[in-house]
>>> print(open('query-v3.pdb').read())   # PDB, C-alpha atoms
ATOM      1  CA  LYS A   1      38.031 153.083 -81.757
ATOM      2  CA  PRO A   2      40.862 155.254 -83.067
ATOM      3  CA  VAL A   3      43.382 153.663 -85.402
ATOM      4  CA  THR A   4      46.171 156.164 -84.760
ATOM      5  CA  SER A   5      47.420 158.300 -81.942
ATOM      6  CA  ARG A   6      46.791 162.050 -82.203
ATOM      7  CA  ALA A   7      46.262 163.007 -85.846
ATOM      8  CA  ALA A   8      46.208 166.783 -85.290
ATOM      9  CA  ASP A   9      44.374 169.413 -87.300
ATOM     10  CA  THR A  10      45.851 169.120 -90.773
ATOM     11  CA  THR A  11      45.753 166.868 -93.833
ATOM     12  CA  ASN A  12      45.120 163.169 -93.199
ATOM     13  CA  HIS A  13      45.465 161.181 -96.394
ATOM     14  CA  ILE A  14      44.615 157.588 -97.363
ATOM     15  CA  THR A  15      45.678 156.238-100.747
ATOM     16  CA  TRP A  16      45.896 152.826-102.405
ATOM     17  CA  ASP A  17      49.411 151.678-103.373
ATOM     18  CA  GLU A  18      48.912 149.287-106.272
ATOM     19  CA  ASP A  19      52.527 148.082-106.341
ATOM     20  CA  ALA A  20      52.710 147.277-102.630
ATOM     21  CA  LYS A  21      49.058 146.152-102.435
ATOM     22  CA  VAL A  22      48.378 148.179 -99.296
ATOM     23  CA  TYR A  23      46.503 151.288 -98.299
ATOM     24  CA  ARG A  24      48.746 154.023 -96.991
ATOM     25  CA  LEU A  25      47.704 156.494 -94.319
ATOM     26  CA  PHE A  26      49.620 159.715 -93.737
ATOM     27  CA  THR A  27      48.849 161.987 -90.838
ATOM     28  CA  ARG A  28      50.600 164.483 -88.643
ATOM     29  CA  THR A  29      52.258 163.455 -85.415
ATOM     30  CA  ASP A  30      53.645 165.529 -82.568
ATOM     31  CA  TYR A  31      56.919 165.226 -80.713
ATOM     32  CA  PRO A  32      57.772 166.261 -77.133
ATOM     33  CA  ARG A  33      57.983 170.013 -76.718
ATOM     34  CA  PRO A  34      61.134 171.797 -75.537
ATOM     35  CA  PRO A  35      61.029 173.834 -72.278
ATOM     36  CA  ASP A  36      59.854 176.971 -74.112
ATOM     37  CA  GLY A  37      56.730 175.109 -75.259
ATOM     38  CA  LEU A  38      57.369 175.190 -79.024
ATOM     39  CA  GLU A  39      55.081 172.709 -80.789
ATOM     40  CA  VAL A  40      57.222 170.186 -82.671
ATOM     41  CA  ARG A  41      55.456 168.587 -85.620
ATOM     42  CA  GLY A  42      56.267 165.513 -87.665
ATOM     43  CA  THR A  43      54.466 163.075 -89.914
ATOM     44  CA  ARG A  44      53.369 159.470 -89.518
ATOM     45  CA  SER A  45      52.857 156.798 -92.170
ATOM     46  CA  MET A  46      50.877 153.588 -91.687
ATOM     47  CA  THR A  47      49.701 150.708 -93.897
ATOM     48  CA  ASN A  48      46.673 148.430 -94.030
ATOM     49  CA  PRO A  49      46.215 145.693 -96.677
ATOM     50  CA  ASP A  50      42.406 145.721 -96.516
ATOM     51  CA  ILE A  51      40.524 148.524 -94.783
ATOM     52  CA  LYS A  52      37.168 146.921 -95.614
ATOM     53  CA  ALA A  53      38.061 143.644 -93.930
ATOM     54  CA  ASP A  54      39.570 145.345 -90.887
ATOM     55  CA  PRO A  55      39.441 149.156 -90.680
ATOM     56  CA  THR A  56      41.629 149.108 -87.552
ATOM     57  CA  ASP A  57      44.489 146.960 -88.889
ATOM     58  CA  TRP A  58      46.929 149.811 -89.428
ATOM     59  CA  LYS A  59      50.639 149.085 -88.928
ATOM     60  CA  LEU A  60      53.038 151.925 -88.182
ATOM     61  CA  VAL A  61      55.708 152.332 -90.849
ATOM     62  CA  ARG A  62      57.490 155.351 -89.429
ATOM     63  CA  ASP A  63      57.255 158.654 -87.618
ATOM     64  CA  TRP A  64      59.690 161.298 -88.814
ATOM     65  CA  LYS A  65      60.499 164.979 -88.645
ATOM     66  CA  PHE A  66      63.055 167.285 -90.209
ATOM     67  CA  ASP A  67      66.255 166.738 -88.251
ATOM     68  CA  ARG A  68      69.076 166.560 -90.789
ATOM     69  CA  GLU A  69      70.513 169.743 -89.293
ATOM     70  CA  GLY A  70      70.217 168.562 -85.705
ATOM     71  CA  PRO A  71      67.692 168.697 -82.858
ATOM     72  CA  GLN A  72      67.178 172.458 -83.189
ATOM     73  CA  GLU A  73      66.023 172.208 -86.803
ATOM     74  CA  CYS A  74      62.428 172.268 -85.548
ATOM     75  CA  ARG A  75      62.928 176.019 -85.083
ATOM     76  CA  ARG A  76      63.905 176.394 -88.743
ATOM     77  CA  ARG A  77      61.395 174.047 -90.416
ATOM     78  CA  GLN A  78      58.756 171.474 -89.562
ATOM     79  CA  ILE A  79      56.670 169.076 -91.615
ATOM     80  CA  TYR A  80      53.104 170.283 -91.183
ATOM     81  CA  GLY A  81      51.280 167.871 -93.482
ATOM     82  CA  LEU A  82      51.975 165.303 -96.187
ATOM     83  CA  SER A  83      49.924 163.551 -98.855
ATOM     84  CA  ASP A  84      51.162 160.883-101.264
ATOM     85  CA  TRP A  85      50.417 161.145-104.990
ATOM     86  CA  ILE A  86      51.516 158.011-106.869
ATOM     87  CA  TYR A  87      52.339 158.529-110.537
ATOM     88  CA  HIS A  88      53.771 155.762-112.750
ATOM     89  CA  GLY A  89      55.120 153.946-109.694
ATOM     90  CA  VAL A  90      56.814 157.001-108.187
ATOM     91  CA  HIS A  91      55.551 158.458-104.907
ATOM     92  CA  PHE A  92      55.343 162.257-104.822
ATOM     93  CA  ALA A  93      54.964 163.691-101.332
ATOM     94  CA  GLN A  94      53.104 166.974-101.406
ATOM     95  CA  MET A  95      54.387 168.612 -98.276
ATOM     96  CA  MET A  96      53.308 171.582 -96.242
ATOM     97  CA  VAL A  97      56.543 172.826 -94.697
ATOM     98  CA  PHE A  98      56.268 175.244 -91.787
ATOM     99  CA  GLU A  99      59.266 177.593 -92.010
ATOM    100  CA  TRP A 100      60.504 179.512 -88.965
ATOM    101  CA  PRO A 101      57.456 178.429 -86.901
ATOM    102  CA  ASN A 102      56.041 180.856 -84.342
ATOM    103  CA  ASP A 103      58.544 183.549 -85.377
ATOM    104  CA  LEU A 104      56.500 186.746 -85.720
ATOM    105  CA  SER A 105      59.545 189.002 -85.510
ATOM    106  CA  GLU A 106      58.735 190.605 -88.881
ATOM    107  CA  GLY A 107      56.090 192.740 -87.228
ATOM    108  CA  PRO A 108      52.341 192.922 -86.646
ATOM    109  CA  VAL A 109      49.617 191.841 -89.046
ATOM    110  CA  ASP A 110      50.276 193.269 -92.509
ATOM    111  CA  HIS A 111      48.131 192.104 -95.406
ATOM    112  CA  HIS A 112      50.426 193.674 -97.986
ATOM    113  CA  LYS A 113      53.946 192.812 -96.803
ATOM    114  CA  ARG A 114      55.280 189.427 -97.905
ATOM    115  CA  HIS A 115      56.676 187.627 -94.849
ATOM    116  CA  GLU A 116      59.457 185.048 -94.727
ATOM    117  CA  ARG A 117      58.928 183.607 -91.244
ATOM    118  CA  ASP A 118      56.046 181.656 -89.739
ATOM    119  CA  VAL A 119      54.956 180.777 -93.294
ATOM    120  CA  LEU A 120      53.759 177.585 -95.002
ATOM    121  CA  GLU A 121      55.557 176.497 -98.174
ATOM    122  CA  TYR A 122      54.658 173.813-100.737
ATOM    123  CA  TYR A 123      57.449 171.338-101.498
ATOM    124  CA  ILE A 124      57.668 168.023-103.342
ATOM    125  CA  ALA A 125      59.669 164.975-102.252
ATOM    126  CA  THR A 126      59.955 161.661-104.110
ATOM    127  CA  SER A 127      60.204 158.023-103.102
ATOM    128  CA  ARG A 128      60.145 154.567-104.651
ATOM    129  CA  ASP A 129      58.577 152.882-101.613
ATOM    130  CA  GLY A 130      56.341 155.548-100.062
ATOM    131  CA  ASP A 131      58.521 155.741 -96.961
ATOM    132  CA  ARG A 132      62.106 156.840 -97.619
ATOM    133  CA  TRP A 133      61.721 160.322 -99.083
ATOM    134  CA  ASP A 134      64.296 162.288-101.025
ATOM    135  CA  LEU A 135      64.131 165.693 -99.325
ATOM    136  CA  SER A 136      66.728 167.360-101.549
ATOM    137  CA  TRP A 137      64.332 170.000-102.872
ATOM    138  CA  VAL A 138      63.375 171.070 -99.357
ATOM    139  CA  TYR A 139      66.969 171.630 -98.271
ATOM    140  CA  ALA A 140      67.765 173.340-101.572
ATOM    141  CA  GLY A 141      64.822 175.721-101.079
ATOM    142  CA  LYS A 142      63.209 174.682-104.388
ATOM    143  CA  LYS A 143      59.479 175.059-103.835
ATOM    144  CA  MET A 144      56.863 173.385-105.993
ATOM    145  CA  ILE A 145      54.664 176.489-106.047
ATOM    146  CA  THR A 146      56.129 179.776-104.855
ATOM    147  CA  ARG A 147      54.093 182.040-102.601
ATOM    148  CA  GLY A 148      52.676 185.131-104.275
ATOM    149  CA  PRO A 149      54.271 188.610-104.215
ATOM    150  CA  ALA A 150      53.520 191.378-101.736
ATOM    151  CA  GLY A 151      49.846 192.273-101.700
ATOM    152  CA  SER A 152      48.683 188.949-103.141
ATOM    153  CA  TRP A 153      46.142 186.629-101.558
ATOM    154  CA  ASP A 154      48.658 183.767-101.252
ATOM    155  CA  LYS A 155      51.759 185.706-100.187
ATOM    156  CA  ASP A 156      52.295 183.952 -96.833
ATOM    157  CA  MET A 157      50.873 180.447 -97.050
ATOM    158  CA  VAL A 158      50.548 177.862 -99.823
ATOM    159  CA  ILE A 159      48.883 174.566 -98.875
ATOM    160  CA  PRO A 160      48.751 171.663-101.377
ATOM    161  CA  SER A 161      45.691 169.509-101.951
ATOM    162  CA  SER A 162      45.765 165.752-101.400
ATOM    163  CA  GLU A 163      46.093 164.858-105.100
ATOM    164  CA  ILE A 164      47.570 166.217-108.311
ATOM    165  CA  ILE A 165      45.115 165.990-111.212
ATOM    166  CA  THR A 166      46.413 164.941-114.629
ATOM    167  CA  HIS A 167      44.085 166.233-117.352
ATOM    168  CA  ASP A 168      44.385 167.518-120.898
ATOM    169  CA  ASP A 169      48.122 166.703-121.032
ATOM    170  CA  LYS A 170      48.904 168.844-118.003
ATOM    171  CA  HIS A 171      49.275 168.371-114.277
ATOM    172  CA  TRP A 172      46.837 170.547-112.326
ATOM    173  CA  LEU A 173      48.078 171.502-108.850
ATOM    174  CA  TYR A 174      45.302 172.894-106.695
ATOM    175  CA  TYR A 175      46.252 174.664-103.504
ATOM    176  CA  ALA A 176      44.919 176.868-100.727
ATOM    177  CA  GLY A 177      46.564 180.175 -99.918
ATOM    178  CA  SER A 178      46.480 182.979 -97.387
ATOM    179  CA  ASN A 179      47.753 186.549 -97.129
ATOM    180  CA  GLU A 180      49.041 186.280 -93.561
ATOM    181  CA  ARG A 181      51.271 184.047 -91.490
ATOM    182  CA  HIS A 182      50.293 180.880 -89.662
ATOM    183  CA  GLY A 183      50.161 182.555 -86.270
ATOM    184  CA  ALA A 184      48.392 185.758 -87.375
ATOM    185  CA  PRO A 185      44.742 186.457 -88.261
ATOM    186  CA  ARG A 186      44.075 185.491 -91.873
ATOM    187  CA  PRO A 187      41.042 187.261 -93.341
ATOM    188  CA  ALA A 188      41.815 186.388 -96.974
ATOM    189  CA  GLN A 189      42.020 182.726 -97.879
ATOM    190  CA  GLY A 190      41.360 181.191-101.261
ATOM    191  CA  ILE A 191      41.960 178.338-103.667
ATOM    192  CA  GLY A 192      44.332 178.547-106.607
ATOM    193  CA  VAL A 193      45.553 176.235-109.333
ATOM    194  CA  ALA A 194      48.846 175.990-111.174
ATOM    195  CA  THR A 195      49.511 173.831-114.233
ATOM    196  CA  LEU A 196      52.637 171.974-115.223
ATOM    197  CA  ARG A 197      53.752 170.356-118.457
ATOM    198  CA  LEU A 198      53.029 166.619-118.505
ATOM    199  CA  ASP A 199      55.923 164.863-116.716
ATOM    200  CA  GLY A 200      57.465 168.282-116.187
ATOM    201  CA  PHE A 201      58.467 167.844-112.540
ATOM    202  CA  VAL A 202      62.088 167.153-113.463
ATOM    203  CA  TYR A 203      64.147 167.103-116.653
ATOM    204  CA  LEU A 204      67.649 166.633-117.992
ATOM    205  CA  GLU A 205      68.915 169.752-119.750
ATOM    206  CA  ALA A 206      71.735 170.361-122.208
ATOM    207  CA  GLY A 207      73.161 173.804-122.869
ATOM    208  CA  SER A 208      74.860 175.159-125.976
ATOM    209  CA  GLY A 209      77.230 172.196-126.108
ATOM    210  CA  MET A 210      75.955 168.788-127.205
ATOM    211  CA  GLY A 211      75.139 166.581-124.227
ATOM    212  CA  SER A 212      74.112 162.941-124.013
ATOM    213  CA  VAL A 213      72.575 160.496-121.560
ATOM    214  CA  THR A 214      72.279 156.710-121.840
ATOM    215  CA  THR A 215      69.578 154.669-120.156
ATOM    216  CA  LYS A 216      70.032 151.481-118.200
ATOM    217  CA  PRO A 217      69.419 148.256-120.174
ATOM    218  CA  PHE A 218      65.764 147.294-120.559
ATOM    219  CA  ARG A 219      63.773 144.825-122.638
ATOM    220  CA  LEU A 220      62.005 146.510-125.519
ATOM    221  CA  GLU A 221      58.379 145.410-125.239
ATOM    222  CA  GLY A 222      56.754 147.998-127.516
ATOM    223  CA  LYS A 223      56.917 148.878-131.186
ATOM    224  CA  ARG A 224      57.707 152.574-131.105
ATOM    225  CA  LEU A 225      59.373 155.211-128.930
ATOM    226  CA  GLN A 226      57.664 158.344-127.671
ATOM    227  CA  VAL A 227      59.769 161.115-126.138
ATOM    228  CA  ASN A 228      58.670 164.150-124.136
ATOM    229  CA  VAL A 229      61.281 166.673-125.259
ATOM    230  CA  ALA A 230      61.659 170.370-126.020
ATOM    231  CA  GLY A 231      64.602 172.186-127.515
ATOM    232  CA  GLU A 232      66.812 173.141-130.390
ATOM    233  CA  GLU A 233      68.417 169.836-131.344
ATOM    234  CA  PHE A 234      67.660 166.223-130.471
ATOM    235  CA  ARG A 235      68.293 162.653-131.655
ATOM    236  CA  VAL A 236      68.234 159.111-130.220
ATOM    237  CA  GLU A 237      70.552 156.185-130.818
ATOM    238  CA  VAL A 238      69.663 152.597-129.923
ATOM    239  CA  LEU A 239      72.413 150.493-128.344
ATOM    240  CA  ASP A 240      72.499 146.848-127.346
ATOM    241  CA  GLY A 241      72.317 145.823-123.704
ATOM    242  CA  LYS A 242      76.088 146.235-123.283
ATOM    243  CA  GLY A 243      76.105 149.727-124.772
ATOM    244  CA  LYS A 244      77.428 148.858-128.223
ATOM    245  CA  PRO A 245      75.871 150.599-131.268
ATOM    246  CA  LEU A 246      73.204 148.683-133.170
ATOM    247  CA  PRO A 247      73.594 148.923-136.966
ATOM    248  CA  GLY A 248      70.815 150.987-138.511
ATOM    249  CA  TYR A 249      70.054 152.850-135.292
ATOM    250  CA  CYS A 250      73.223 154.813-134.564
ATOM    251  CA  GLY A 251      75.476 157.437-136.125
ATOM    252  CA  PRO A 252      74.094 158.939-139.334
ATOM    253  CA  GLU A 253      71.138 156.491-139.291
ATOM    254  CA  ALA A 254      69.767 158.244-136.186
ATOM    255  CA  GLU A 255      68.011 161.305-137.550
ATOM    256  CA  THR A 256      68.603 164.718-135.965
ATOM    257  CA  PHE A 257      65.509 166.798-135.239
ATOM    258  CA  THR A 258      65.474 170.538-134.631
ATOM    259  CA  ASN A 259      63.121 172.926-132.816
ATOM    260  CA  VAL A 260      61.120 170.133-131.194
ATOM    261  CA  ASP A 261      58.516 170.714-128.468
ATOM    262  CA  ASN A 262      56.352 167.632-128.189
ATOM    263  CA  LEU A 263      54.980 165.461-125.385
ATOM    264  CA  ARG A 264      55.043 162.289-127.519
ATOM    265  CA  PHE A 265      57.609 162.855-130.231
ATOM    266  CA  GLU A 266      58.411 159.681-132.204
ATOM    267  CA  PRO A 267      62.034 159.607-133.448
ATOM    268  CA  GLN A 268      62.888 157.858-136.697
ATOM    269  CA  TRP A 269      65.911 155.966-137.989
ATOM    270  CA  LYS A 270      66.807 155.921-141.661
ATOM    271  CA  GLY A 271      65.585 152.648-143.090
ATOM    272  CA  SER A 272      65.049 150.954-139.712
ATOM    273  CA  LEU A 273      61.959 150.409-137.579
ATOM    274  CA  LEU A 274      62.086 150.129-133.809
ATOM    275  CA  SER A 275      59.561 147.277-133.967
ATOM    276  CA  ALA A 276      62.293 145.079-135.464
ATOM    277  CA  LEU A 277      64.042 145.130-132.068
ATOM    278  CA  LYS A 278      61.021 144.091-130.027
ATOM    279  CA  GLY A 279      61.999 141.577-127.350
ATOM    280  CA  ARG A 280      65.677 142.567-127.299
ATOM    281  CA  VAL A 281      67.511 144.156-124.391
ATOM    282  CA  VAL A 282      68.578 147.644-125.456
ATOM    283  CA  ARG A 283      69.764 151.002-124.201
ATOM    284  CA  LEU A 284      68.732 154.397-125.520
ATOM    285  CA  LYS A 285      71.279 157.157-125.945
ATOM    286  CA  PHE A 286      69.736 160.622-126.139
ATOM    287  CA  HIS A 287      71.701 163.498-127.667
ATOM    288  CA  LEU A 288      70.560 167.019-126.769
ATOM    289  CA  LYS A 289      71.604 170.586-127.529
ATOM    290  CA  LYS A 290      69.820 173.518-125.893
ATOM    291  CA  ALA A 291      67.077 171.051-125.035
ATOM    292  CA  ARG A 292      65.233 169.418-122.152
ATOM    293  CA  LEU A 293      64.419 165.725-121.885
ATOM    294  CA  TYR A 294      61.405 165.109-119.615
ATOM    295  CA  SER A 295      60.466 161.476-120.125
ATOM    296  CA  PHE A 296      60.104 158.667-122.632
ATOM    297  CA  GLN A 297      57.867 155.639-123.070
ATOM    298  CA  VAL A 298      57.629 152.611-125.343
ATOM    299  CA  PRO A 299      53.916 151.964-126.034
ATOM    300  CA  ARG A 300      52.972 148.376-126.757
TER     301      ARG A 300
END
>>> encode(input="query-v3.pdb", output="structure tokens")
Amino acid sequence: KPVTSRAADTTNHITWDEDAKVYRLFTRTDYPRPPDGLEVRGTRSMTNPDIKADPTDWKLVRDWKFDREGPQECRRRQIYGLSDWIYHGVHFAQMMVFEWPNDLSEGPVDHHKRHERDVLEYYIATSRDGDRWDLSWVYAGKKMITRGPAGSWDKDMVIPSSEIITHDDKHWLYYAGSNERHGAPRPAQGIGVATLRLDGFVYLEAGSGMGSVTTKPFRLEGKRLQVNVAGEEFRVEVLDGKGKPLPGYCGPEAETFTNVDNLRFEPQWKGSLLSALKGRVVRLKFHLKKARLYSFQVPR
């Protein structure tokens, strides 16, 4: 009693979405082939609120493929597999992207040469609902893990695992790799791991000139601020919900810190405690110079 149509021969992933209160199933799907017989791959997402009560009650959310550049984009790139890693309410799609599929024009099998066609790349996309994915990094060519150099075991294919492991204040990205293209014999295949700074997937960066960024208004429910930041110069001002400075938390009262590299740095204000603002709607204004701001949190 199958619950999907053809699921193909690649990653099929089920995960629990706590916010939506559904299980999500991701699997590959195939589209009609053009006259030359090229296999056209896409991905399918489905949901089920209770797989124990009814393992067959999967509802189709969407089938999709890369087509931003038109119907012939399948010859440039295809989505080969997708898994959904949910982290602090954000969905991270770990995607196998098949680039220049079936194009073996770079020559016969060569276990040393690094190929650029008929290869599998590892990209990340993000979403707030597990369906509408921001594919900007794919179209910008910004890979999550880059294939190895010529002669390496993972020079032609990098395949992500179904989950990213967060351990010891790092993200651990396990992947499979191969030293030949998708359509060629692949005698060397292995498993690798890359690590990433906690919350280091994206960041806001300031150069040699002082830069600033102000958050949206939010209710302060904790007693202290922890900032994941690295760089030469950094400070934080606290504003009210309309963006006006709060006395004791802005200007000279907001201390400037230098040469910071900390996952949970706790800024200070001269003579003022953040706990005094608990329950108020505030904004945070971060000032940075030659620094990167990764994330912040307000522990209760």
>>> closest_residue(input="query-v3.pdb", among="A:Ile145, A:Leu220, A:Cys74, A:Leu288", to="A:Glu205", atoms="only C-alpha atoms")
A:Leu288
>>> closest_residue(input="query-v3.pdb", among="A:Lys155, A:Lys223, A:Ala254, A:Lys278", to="A:His182", atoms="only C-alpha atoms")
A:Lys155
>>> closest_residue(input="query-v3.pdb", among="A:Ala176, A:Val109, A:Ile159, A:Ala20", to="A:Ile79", atoms="all atoms listed in the file")
A:Ile159
>>> residues_around(input="query-v3.pdb", residues="A:Val158", least_positions_apart="3", cutoff="7 Å", atoms="only C-alpha atoms", output="number ranges by chain")
A: 120-122, 147, 154, 175-178
>>> residues_near_point(input="query-v3.pdb", point="(53.5, 152.9, -128.8)", cutoff="6 Å", atoms="only C-alpha atoms", output="short mmCIF file (atom, residue, chain, number, x, y, z; two decimals) with C-alpha atoms, keeping the file's coordinate frame")
data_model
loop_
_atom_site.label_atom_id
_atom_site.label_comp_id
_atom_site.auth_asym_id
_atom_site.auth_seq_id
_atom_site.Cartn_x
_atom_site.Cartn_y
_atom_site.Cartn_z
CA LYS A 223 56.92 148.88 -131.19
CA ARG A 224 57.71 152.57 -131.10
CA VAL A 298 57.63 152.61 -125.34
CA PRO A 299 53.92 151.96 -126.03
CA ARG A 300 52.97 148.38 -126.76
#
>>> closest_residue(input="query-v3.pdb", among="A:His115, A:Arg186, A:Glu73, A:Arg283", to="A:Pro149", atoms="all atoms listed in the file")
A:His115
>>> resolve_selection(input="query-v3.pdb", expression="the PyMOL selection byres ((chain A and resi 89) around 9)", output="ChimeraX atom specification")
/A:17-19,86-88,90-91,128-129
>>> write_last_selection(input="query-v3.pdb", atoms="C-alpha atoms", output="PDB file, keeping the file's coordinate frame")
ATOM      1  CA  ASP A  17      49.411 151.678-103.373  1.00  0.00           C
ATOM      2  CA  GLU A  18      48.912 149.287-106.272  1.00  0.00           C
ATOM      3  CA  ASP A  19      52.527 148.082-106.341  1.00  0.00           C
ATOM      4  CA  ILE A  86      51.516 158.011-106.869  1.00  0.00           C
ATOM      5  CA  TYR A  87      52.339 158.529-110.537  1.00  0.00           C
ATOM      6  CA  HIS A  88      53.771 155.762-112.750  1.00  0.00           C
ATOM      7  CA  VAL A  90      56.814 157.001-108.187  1.00  0.00           C
ATOM      8  CA  HIS A  91      55.551 158.458-104.907  1.00  0.00           C
ATOM      9  CA  ARG A 128      60.145 154.567-104.651  1.00  0.00           C
ATOM     10  CA  ASP A 129      58.577 152.882-101.613  1.00  0.00           C
TER      11      ASP A 129
END
>>> residues_around(input="query-v3.pdb", residues="A:Met96", least_positions_apart="3", cutoff="10 Å", atoms="only C-alpha atoms", output="number ranges by chain")
A: 10-11, 78-83, 93, 99, 119-124, 157-161
>>> closest_residue(input="query-v3.pdb", among="A:Arg197, A:Arg33, A:Lys216, A:Arg132", to="A:Asp63", atoms="all atoms listed in the file")
A:Arg132
>>> closest_residue(input="query-v3.pdb", among="A:Pro267, A:Pro71, A:Gly107, A:Gly243", to="A:Phe296", atoms="all atoms listed in the file")
A:Pro267
>>> resolve_selection(input="query-v3.pdb", expression="the PyMOL selection byres ((chain A and resi 258) around 6)", output="PyMOL selection string")
chain A and resi 232-233+257+259-260
>>> residues_around(input="query-v3.pdb", residues="A:Thr215", least_positions_apart="5", cutoff="12 Å", atoms="only C-alpha atoms", output="PyMOL selection string")
chain A and resi 236-243+281-287+295-296
>>> atom_distance(input="query-v3.pdb", atom1="atom CA of A:Ser127", atom2="atom CA of A:Glu69")
20.8 Å
>>> resolve_selection(input="query-v3.pdb", expression="the PyMOL selection byres ((chain A and resi 206) around 10)", output="NGL selection string")
:A and (203-205 or 207-213 or 231-233 or 287-293)
>>> write_last_selection(input="query-v3.pdb", atoms="C-alpha atoms", output="mmCIF file, keeping the file's coordinate frame")
data_model
loop_
_atom_site.group_PDB
_atom_site.id
_atom_site.type_symbol
_atom_site.label_atom_id
_atom_site.label_comp_id
_atom_site.auth_asym_id
_atom_site.auth_seq_id
_atom_site.Cartn_x
_atom_site.Cartn_y
_atom_site.Cartn_z
ATOM 1 C CA TYR A 203 64.147 167.103 -116.653
ATOM 2 C CA LEU A 204 67.649 166.633 -117.992
ATOM 3 C CA GLU A 205 68.915 169.752 -119.750
ATOM 4 C CA GLY A 207 73.161 173.804 -122.869
ATOM 5 C CA SER A 208 74.860 175.159 -125.976
ATOM 6 C CA GLY A 209 77.230 172.196 -126.108
ATOM 7 C CA MET A 210 75.955 168.788 -127.205
ATOM 8 C CA GLY A 211 75.139 166.581 -124.227
ATOM 9 C CA SER A 212 74.112 162.941 -124.013
ATOM 10 C CA VAL A 213 72.575 160.496 -121.560
ATOM 11 C CA GLY A 231 64.602 172.186 -127.515
ATOM 12 C CA GLU A 232 66.812 173.141 -130.390
ATOM 13 C CA GLU A 233 68.417 169.836 -131.344
ATOM 14 C CA HIS A 287 71.701 163.498 -127.667
ATOM 15 C CA LEU A 288 70.560 167.019 -126.769
ATOM 16 C CA LYS A 289 71.604 170.586 -127.529
ATOM 17 C CA LYS A 290 69.820 173.518 -125.893
ATOM 18 C CA ALA A 291 67.077 171.051 -125.035
ATOM 19 C CA ARG A 292 65.233 169.418 -122.152
ATOM 20 C CA LEU A 293 64.419 165.725 -121.885
#
>>> atom_distance(input="query-v3.pdb", atom1="atom CA of A:Gly251", atom2="atom CA of A:Val202")
28.1 Å
>>> atom_distance(input="query-v3.pdb", atom1="atom CA of A:Tyr23", atom2="atom CA of A:Thr47")
5.5 Å
>>> axis_aligned_box(input="query-v3.pdb", around="stretch 125-132 of chain A", padding_each_side="6 Å", output="AutoDock Vina command-line options")
--center_x 59.2 --center_y 158.9 --center_z -100.8 --size_x 17.8 --size_y 24.1 --size_z 19.7
